[in-house]
Amino acid sequence: MVPSLWYVILQLSELLGLPVDKATVPVILVLAIVLAIPYRIFLHPSRADATTKHIVAIGIGFYFSYYLHSWGVVILLVKAVLCYILMVYLNPTYMPKVVFAVAMGILTVVNFREFLHDSPGNNVVRALMIFTAKITSLAWSIHDGFARDRAKLSDFRSKKVVRRIPSVLEYTSYLFHFQALAVGPFCFYKDYIDFIEGRHVVPYKIIKDGKEVVIHKEPPVTSNVLRKTALAIILAAVNITMTSRIPLEDNIGKPVLASAFVYRVLYAWSCVWLVFLPLYAVVWILGDVACNISGFGFNGYDSNGEPKWDLVSNIHIKPAYLCSNMKESIDCWHISINNWLRYVSYERLRRHNLILTYLLSMIWHGFLPGYIWFCVSCLTLAIAQKRGRRVIRPYFTTSKQRKLFYDFITWFGHWLVLPCYLVMFLLRNNARIVMFGRANYFWGHFVTVILLILVYCMKPPKKLEDHVDTHESRSLSNKPGPMAKNCDKQD
């Protein structure tokens, strides 16, 4: 035990007025970023073997877990050990379903306890959520690795295949590595083990002096880290400045409720844009920075030959503010967990995959009323937008001006409705949610239901119907597998 670290945590708790468990997170996160520097320098794949890297990552991870989880680490270990035994001894054909049921069952019990106490999750609950995603994704990766028909796997699933059971050391390192223990991000086992063993550097071809040259060198990460850190500092400043000026609780306070309807809508919108989004973005960006500094997160090169450090990024901040539908929101918000949902649910279900994936997301987040209201509302909005894109958008693709107008209207409408749902997510308590909804006439839900009815009463333009019929007939003649059909369902 290092008394000075407890002193820092307690001082920060008093300074910010936060509970000790919440004040622990930023301290551990900053410490992870600091320790990631020597980890990258002294434990680079060219200098240290995989076993050494695993041991160091686990050692620091357990040290962090002492401060983050205290005795709660016992729950994490019990869950990890139980699921590992199942992975080792069960037949890979049905093993992932059993592991999924056990891992989600443990999380569900903890989430239900949270619901009974009407309180948001603590550090142990958040760690259980990430552990659940890691364990279940690993189980399905092993299943795919032992599958006989691997050629039928989608490109996304084939990249995550694991062809052997990880050792105890590898498994423990994957779950407890210090870079992502405080706030995530979630990562797939294949990506993590490639990083540990130095296989994450993707060869890249360039033309030099008229000759093709293959580059295997990992690109520098300094500029990427500085850019992300600067963005996190700016967003943190926005959040700290605006939290006291536009408190979330004032959405159900008498001054706001007594104001004009337009003001109430703008207040909710401001809470989301200036408090909620920056807060989550700061935490996720710093978690990404901790991984990147240690060398984890390199994702090859883009079409212009620029290195990408977004393998474990949880948010793309610019698209997050400019998205115009739920599909785009999912693509740029909580990205790692959305990839997990796609991997273990959406691409494996043959029917009702969108609805069941949203249901899994709701159970994973917990049973607090705010989570349920948010997931059900977003699912309804996603279905309406998906159908609307099919039946309405074709009328606006005939010219750039029309398309620009359509993009603006959908962006404006999406961000007019979504803050209403996000405020409910943040209020959590059902009584406060109903108070907020009644004060605002549940207008976000009213608009979504009207849109849903309207788009399902409309038919796609004739040209689009002909195109869809032709495409479907070609698809049937090619006889794609079930996974290909599921992938086509995504807009």
# chains A, B, ... in the order shown; residues from 1 in each chain; ligands from 1
$ residues_around --residues "Asn239 in chain A" --least-positions-apart "2" --cutoff "10 Å" --atoms "only C-alpha atoms" --output "mmCIF file with C-alpha atoms, in the first residue's frame"
data_model
loop_
_atom_site.group_PDB
_atom_site.id
_atom_site.type_symbol
_atom_site.label_atom_id
_atom_site.label_comp_id
_atom_site.auth_asym_id
_atom_site.auth_seq_id
_atom_site.Cartn_x
_atom_site.Cartn_y
_atom_site.Cartn_z
ATOM 1 C CA ILE A 233 -8.384 19.040 -21.629
ATOM 2 C CA ILE A 234 -10.644 21.328 -23.674
ATOM 3 C CA LEU A 235 -13.680 19.113 -23.126
ATOM 4 C CA ALA A 236 -12.871 18.831 -19.413
ATOM 5 C CA ALA A 237 -12.748 22.622 -19.169
ATOM 6 C CA THR A 241 -17.345 25.280 -16.417
ATOM 7 C CA MET A 242 -20.856 24.344 -17.519
ATOM 8 C CA THR A 243 -21.770 21.725 -14.892
ATOM 9 C CA SER A 244 -22.309 24.366 -12.226
ATOM 10 C CA ARG A 245 -24.084 26.725 -14.623
ATOM 11 C CA CYS A 271 -27.115 19.771 -20.661
ATOM 12 C CA TRP A 273 -24.063 19.017 -25.490
ATOM 13 C CA LEU A 274 -22.089 20.915 -22.844
ATOM 14 C CA VAL A 275 -22.131 18.574 -19.824
ATOM 15 C CA PHE A 276 -23.037 14.983 -20.704
ATOM 16 C CA LEU A 277 -21.107 14.506 -23.968
ATOM 17 C CA PRO A 278 -17.901 16.244 -22.772
ATOM 18 C CA LEU A 279 -17.866 14.240 -19.505
ATOM 19 C CA TYR A 280 -18.055 10.841 -21.174
ATOM 20 C CA VAL A 282 -13.016 13.031 -21.544
#
$ closest_residue --among "A:Arg342, A:Arg438, A:Lys403, A:Lys79" --to "Leu360 in chain A" --atoms "only C-alpha atoms"
A:Arg342
$ select_by_dssp --residues "range 251-379 of chain A" --states "alpha helix (DSSP H)" --output "PyMOL selection string"
chain A and resi 254-257+261-271+277-293+317-322+326-332+335-341+353-365+369-379
$ write_last_selection --atoms "C-alpha atoms" --output "compact mmCIF listing (two decimals), in the first residue's frame"
# COMPACT_ATOMS: atom_id res chain seq x y z
CA LYS A 254 -39.16 24.87 -10.53
CA PRO A 255 -37.46 27.75 -12.43
CA VAL A 256 -36.96 25.63 -15.58
CA LEU A 257 -40.36 23.92 -15.35
CA PHE A 261 -41.46 25.21 -23.54
CA VAL A 262 -38.73 26.31 -25.98
CA TYR A 263 -36.47 27.25 -23.06
CA ARG A 264 -36.98 23.83 -21.46
CA VAL A 265 -36.00 22.13 -24.73
CA LEU A 266 -32.91 24.31 -25.10
CA TYR A 267 -31.93 23.66 -21.48
CA ALA A 268 -32.08 19.89 -22.00
CA TRP A 269 -30.13 20.27 -25.23
CA SER A 270 -27.45 22.35 -23.45
CA CYS A 271 -27.11 19.77 -20.66
CA LEU A 277 -21.11 14.51 -23.97
CA PRO A 278 -17.90 16.24 -22.77
CA LEU A 279 -17.87 14.24 -19.50
CA TYR A 280 -18.05 10.84 -21.17
CA ALA A 281 -15.75 11.95 -23.98
CA VAL A 282 -13.02 13.03 -21.54
CA VAL A 283 -13.06 9.71 -19.69
CA TRP A 284 -13.05 7.63 -22.87
CA ILE A 285 -10.37 9.72 -24.60
CA LEU A 286 -8.03 9.45 -21.61
CA GLY A 287 -8.60 5.69 -21.49
CA ASP A 288 -7.68 5.59 -25.17
CA VAL A 289 -4.58 7.71 -24.49
CA ALA A 290 -3.39 5.28 -21.78
CA CYS A 291 -3.60 2.44 -24.31
CA ASN A 292 -1.98 4.40 -27.13
CA ILE A 293 0.99 5.54 -25.04
CA ILE A 317 -15.96 13.45 -31.13
CA LYS A 318 -16.75 15.36 -34.35
CA PRO A 319 -19.13 12.75 -35.81
CA ALA A 320 -20.69 12.40 -32.35
CA TYR A 321 -21.92 15.98 -32.56
CA LEU A 322 -22.80 15.85 -36.27
CA MET A 326 -29.13 6.39 -34.41
CA LYS A 327 -26.96 4.35 -36.78
CA GLU A 328 -24.41 7.17 -36.99
CA SER A 329 -24.63 7.73 -33.22
CA ILE A 330 -23.80 4.07 -32.63
CA ASP A 331 -20.89 4.23 -35.07
CA CYS A 332 -19.18 7.06 -33.17
CA ILE A 335 -17.68 2.29 -30.11
CA SER A 336 -15.93 -0.59 -28.38
CA ILE A 337 -19.07 -1.84 -26.64
CA ASN A 338 -21.12 -1.39 -29.80
CA ASN A 339 -18.55 -3.59 -31.55
CA TRP A 340 -19.04 -6.16 -28.79
CA LEU A 341 -22.83 -6.04 -29.24
CA ASN A 353 -31.39 -9.04 -34.32
CA LEU A 354 -31.85 -5.27 -33.91
CA ILE A 355 -34.47 -5.57 -31.17
CA LEU A 356 -32.63 -8.33 -29.30
CA THR A 357 -29.33 -6.46 -29.51
CA TYR A 358 -30.94 -3.39 -27.95
CA LEU A 359 -32.40 -5.67 -25.26
CA LEU A 360 -28.92 -7.06 -24.53
CA SER A 361 -27.56 -3.51 -24.32
CA MET A 362 -30.28 -2.58 -21.83
CA ILE A 363 -29.57 -5.62 -19.61
CA TRP A 364 -25.83 -4.95 -19.81
CA HIS A 365 -26.30 -1.33 -18.71
CA PRO A 369 -35.42 3.12 -14.96
CA GLY A 370 -33.32 5.69 -16.79
CA TYR A 371 -31.49 2.95 -18.69
CA ILE A 372 -34.73 1.22 -19.64
CA TRP A 373 -36.42 4.42 -20.78
CA PHE A 374 -33.37 5.32 -22.83
CA CYS A 375 -32.92 1.94 -24.55
CA VAL A 376 -36.60 1.51 -25.42
CA SER A 377 -36.85 5.08 -26.70
CA CYS A 378 -33.69 4.76 -28.81
CA LEU A 379 -34.84 1.44 -30.26
$ closest_residue --among "A:Leu311, A:Leu416, A:Ile196, A:Leu454" --to "His54 in chain A" --atoms "only C-alpha atoms"
A:Ile196
$ closest_atom_pairs --of "range 31-79 of chain A" --to "range 177-190 of chain A" --cutoff "8 Å" --atoms "only C-alpha atoms" --output "Markdown table"
| residue | atom | partner | partner_atom | distance |
| --- | --- | --- | --- | --- |
| A:Ala32 | CA | A:Gln179 | CA | 5.7 |
| A:Ile33 | CA | A:Gln179 | CA | 7.4 |
| A:Ala36 | CA | A:Gln179 | CA | 7.2 |
| A:His54 | CA | A:His177 | CA | 7.9 |
| A:Ala57 | CA | A:His177 | CA | 4.8 |
| A:Ile58 | CA | A:His177 | CA | 5.4 |
| A:Ile60 | CA | A:Phe178 | CA | 5.8 |
| A:Gly61 | CA | A:Phe178 | CA | 4.2 |
| A:Phe62 | CA | A:Phe178 | CA | 7.9 |
| A:Phe64 | CA | A:Phe178 | CA | 7.1 |
| A:Ser65 | CA | A:Leu181 | CA | 7.6 |
| A:Leu68 | CA | A:Ala182 | CA | 7.3 |
$ select_by_dssp --residues "range 259-461 of chain A" --states "strand (DSSP E or B)" --output "JSON, numbers by chain"
{"A": [301, 307, 315, 333]}
$ write_last_selection --atoms "C-alpha atoms" --output "short mmCIF file (atom, residue, chain, number, x, y, z; two decimals), in the first residue's frame"
data_model
loop_
_atom_site.label_atom_id
_atom_site.label_comp_id
_atom_site.auth_asym_id
_atom_site.auth_seq_id
_atom_site.Cartn_x
_atom_site.Cartn_y
_atom_site.Cartn_z
CA TYR A 301 -3.08 3.12 -42.20
CA PRO A 307 -1.41 5.97 -39.35
CA ILE A 315 -15.67 7.96 -29.37
CA TRP A 333 -20.35 6.67 -29.56
#
$ residues_around --residues "Arg157 in chain A" --least-positions-apart "6" --cutoff "8 Å" --atoms "only C-alpha atoms" --output "ChimeraX atom specification"
/A:141,144,343
$ residues_around --residues "Val56 in chain A" --least-positions-apart "6" --cutoff "12 Å" --atoms "only C-alpha atoms" --output "JSON, numbers by chain"
{"A": [35, 36, 38, 39, 40, 42, 43, 48, 49, 50, 62, 63, 169, 170, 172, 173, 176, 177, 178, 179, 196]}
$ decode --residues "range 131-147 of chain A" --atoms "all heavy atoms" --output "JSON list (two decimals), in the first residue's frame"
[["chain", "number", "residue", "atom", "x", "y", "z"],
["A", 131, "PHE", "N", -15.65, -6.76, -17.92],
["A", 131, "PHE", "CA", -15.27, -8.17, -17.85],
["A", 131, "PHE", "C", -16.26, -9.04, -18.61],
["A", 131, "PHE", "O", -15.87, -10.00, -19.28],
["A", 131, "PHE", "CB", -15.19, -8.62, -16.38],
["A", 131, "PHE", "CG", -13.84, -8.40, -15.76],
["A", 131, "PHE", "CD1", -13.14, -7.23, -15.96],
["A", 131, "PHE", "CD2", -13.28, -9.37, -14.93],
["A", 131, "PHE", "CE1", -11.90, -7.01, -15.37],
["A", 131, "PHE", "CE2", -12.03, -9.17, -14.34],
["A", 131, "PHE", "CZ", -11.35, -7.98, -14.56],
["A", 132, "THR", "N", -17.54, -8.74, -18.49],
["A", 132, "THR", "CA", -18.57, -9.51, -19.20],
["A", 132, "THR", "C", -18.36, -9.43, -20.71],
["A", 132, "THR", "O", -18.43, -10.45, -21.41],
["A", 132, "THR", "CB", -19.97, -8.98, -18.84],
["A", 132, "THR", "OG1", -20.18, -9.13, -17.43],
["A", 132, "THR", "CG2", -21.05, -9.75, -19.59],
["A", 133, "ALA", "N", -18.10, -8.22, -21.20],
["A", 133, "ALA", "CA", -17.86, -8.06, -22.63],
["A", 133, "ALA", "C", -16.61, -8.82, -23.07],
["A", 133, "ALA", "O", -16.62, -9.50, -24.11],
["A", 133, "ALA", "CB", -17.73, -6.57, -22.97],
["A", 134, "LYS", "N", -15.55, -8.74, -22.30],
["A", 134, "LYS", "CA", -14.30, -9.41, -22.66],
["A", 134, "LYS", "C", -14.46, -10.93, -22.63],
["A", 134, "LYS", "O", -14.03, -11.64, -23.57],
["A", 134, "LYS", "CB", -13.17, -8.99, -21.71],
["A", 134, "LYS", "CG", -12.67, -7.58, -21.93],
["A", 134, "LYS", "CD", -11.48, -7.28, -21.03],
["A", 134, "LYS", "CE", -10.86, -5.91, -21.34],
["A", 134, "LYS", "NZ", -9.68, -5.63, -20.51],
["A", 135, "ILE", "N", -15.06, -11.46, -21.58],
["A", 135, "ILE", "CA", -15.19, -12.91, -21.43],
["A", 135, "ILE", "C", -16.09, -13.50, -22.50],
["A", 135, "ILE", "O", -15.76, -14.51, -23.12],
["A", 135, "ILE", "CB", -15.72, -13.24, -20.02],
["A", 135, "ILE", "CG1", -14.64, -12.92, -18.97],
["A", 135, "ILE", "CG2", -16.13, -14.71, -19.92],
["A", 135, "ILE", "CD1", -15.15, -12.99, -17.54],
["A", 136, "THR", "N", -17.24, -12.88, -22.74],
["A", 136, "THR", "CA", -18.18, -13.42, -23.74],
["A", 136, "THR", "C", -17.62, -13.31, -25.15],
["A", 136, "THR", "O", -17.81, -14.21, -25.97],
["A", 136, "THR", "CB", -19.53, -12.71, -23.64],
["A", 136, "THR", "OG1", -19.35, -11.28, -23.75],
["A", 136, "THR", "CG2", -20.22, -13.01, -22.32],
["A", 137, "SER", "N", -16.93, -12.21, -25.46],
["A", 137, "SER", "CA", -16.35, -12.07, -26.80],
["A", 137, "SER", "C", -15.24, -13.11, -27.01],
["A", 137, "SER", "O", -15.12, -13.68, -28.10],
["A", 137, "SER", "CB", -15.81, -10.66, -27.01],
["A", 137, "SER", "OG", -14.71, -10.38, -26.15],
["A", 138, "LEU", "N", -14.45, -13.37, -25.97],
["A", 138, "LEU", "CA", -13.40, -14.38, -26.07],
["A", 138, "LEU", "C", -14.00, -15.76, -26.31],
["A", 138, "LEU", "O", -13.49, -16.54, -27.12],
["A", 138, "LEU", "CB", -12.54, -14.37, -24.81],
["A", 138, "LEU", "CG", -11.49, -15.48, -24.70],
["A", 138, "LEU", "CD1", -10.52, -15.44, -25.87],
["A", 138, "LEU", "CD2", -10.73, -15.38, -23.37],
["A", 139, "ALA", "N", -15.08, -16.07, -25.59],
["A", 139, "ALA", "CA", -15.73, -17.37, -25.76],
["A", 139, "ALA", "C", -16.21, -17.57, -27.19],
["A", 139, "ALA", "O", -16.01, -18.63, -27.79],
["A", 139, "ALA", "CB", -16.90, -17.48, -24.78],
["A", 140, "TRP", "N", -16.80, -16.54, -27.76],
["A", 140, "TRP", "CA", -17.27, -16.65, -29.15],
["A", 140, "TRP", "C", -16.10, -16.67, -30.13],
["A", 140, "TRP", "O", -16.19, -17.31, -31.19],
["A", 140, "TRP", "CB", -18.23, -15.51, -29.48],
["A", 140, "TRP", "CG", -19.62, -15.74, -28.98],
["A", 140, "TRP", "CD1", -20.26, -15.07, -27.98],
["A", 140, "TRP", "CD2", -20.54, -16.73, -29.45],
["A", 140, "TRP", "NE1", -21.53, -15.57, -27.80],
["A", 140, "TRP", "CE2", -21.73, -16.59, -28.69],
["A", 140, "TRP", "CE3", -20.49, -17.71, -30.44],
["A", 140, "TRP", "CZ2", -22.84, -17.40, -28.89],
["A", 140, "TRP", "CZ3", -21.60, -18.52, -30.63],
["A", 140, "TRP", "CH2", -22.76, -18.37, -29.87],
["A", 141, "SER", "N", -15.01, -15.98, -29.82],
["A", 141, "SER", "CA", -13.82, -16.02, -30.69],
["A", 141, "SER", "C", -13.24, -17.42, -30.74],
["A", 141, "SER", "O", -12.81, -17.91, -31.79],
["A", 141, "SER", "CB", -12.77, -15.03, -30.19],
["A", 141, "SER", "OG", -13.20, -13.69, -30.31],
["A", 142, "ILE", "N", -13.21, -18.10, -29.58],
["A", 142, "ILE", "CA", -12.72, -19.48, -29.54],
["A", 142, "ILE", "C", -13.66, -20.39, -30.32],
["A", 142, "ILE", "O", -13.22, -21.28, -31.07],
["A", 142, "ILE", "CB", -12.60, -19.94, -28.07],
["A", 142, "ILE", "CG1", -11.52, -19.13, -27.35],
["A", 142, "ILE", "CG2", -12.29, -21.43, -27.99],
["A", 142, "ILE", "CD1", -11.47, -19.37, -25.85],
["A", 143, "HIS", "N", -14.96, -20.16, -30.15],
["A", 143, "HIS", "CA", -15.95, -20.94, -30.91],
["A", 143, "HIS", "C", -15.73, -20.80, -32.41],
["A", 143, "HIS", "O", -15.72, -21.80, -33.15],
["A", 143, "HIS", "CB", -17.36, -20.47, -30.53],
["A", 143, "HIS", "CG", -18.44, -20.97, -31.44],
["A", 143, "HIS", "ND1", -18.82, -20.29, -32.59],
["A", 143, "HIS", "CD2", -19.23, -22.07, -31.38],
["A", 143, "HIS", "CE1", -19.79, -20.96, -33.19],
["A", 143, "HIS", "NE2", -20.07, -22.04, -32.48],
["A", 144, "ASP", "N", -15.54, -19.58, -32.88],
["A", 144, "ASP", "CA", -15.29, -19.35, -34.31],
["A", 144, "ASP", "C", -13.97, -19.96, -34.75],
["A", 144, "ASP", "O", -13.84, -20.42, -35.88],
["A", 144, "ASP", "CB", -15.30, -17.84, -34.61],
["A", 144, "ASP", "CG", -16.69, -17.23, -34.49],
["A", 144, "ASP", "OD1", -17.67, -18.00, -34.47],
["A", 144, "ASP", "OD2", -16.79, -15.99, -34.40],
["A", 145, "GLY", "N", -12.99, -19.95, -33.86],
["A", 145, "GLY", "CA", -11.69, -20.52, -34.19],
["A", 145, "GLY", "C", -11.73, -22.02, -34.39],
["A", 145, "GLY", "O", -10.95, -22.58, -35.18],
["A", 146, "PHE", "N", -12.64, -22.70, -33.68],
["A", 146, "PHE", "CA", -12.77, -24.15, -33.80],
["A", 146, "PHE", "C", -13.86, -24.55, -34.78],
["A", 146, "PHE", "O", -14.08, -25.75, -34.99],
["A", 146, "PHE", "CB", -13.06, -24.78, -32.44],
["A", 146, "PHE", "CG", -11.86, -24.87, -31.54],
["A", 146, "PHE", "CD1", -11.55, -23.84, -30.66],
["A", 146, "PHE", "CD2", -11.02, -25.97, -31.59],
["A", 146, "PHE", "CE1", -10.44, -23.92, -29.82],
["A", 146, "PHE", "CE2", -9.90, -26.05, -30.76],
["A", 146, "PHE", "CZ", -9.61, -25.03, -29.89],
["A", 147, "ALA", "N", -14.54, -23.58, -35.38],
["A", 147, "ALA", "CA", -15.64, -23.89, -36.30],
["A", 147, "ALA", "C", -15.10, -24.49, -37.60],
["A", 147, "ALA", "O", -14.01, -24.14, -38.07],
["A", 147, "ALA", "CB", -16.43, -22.62, -36.61]]
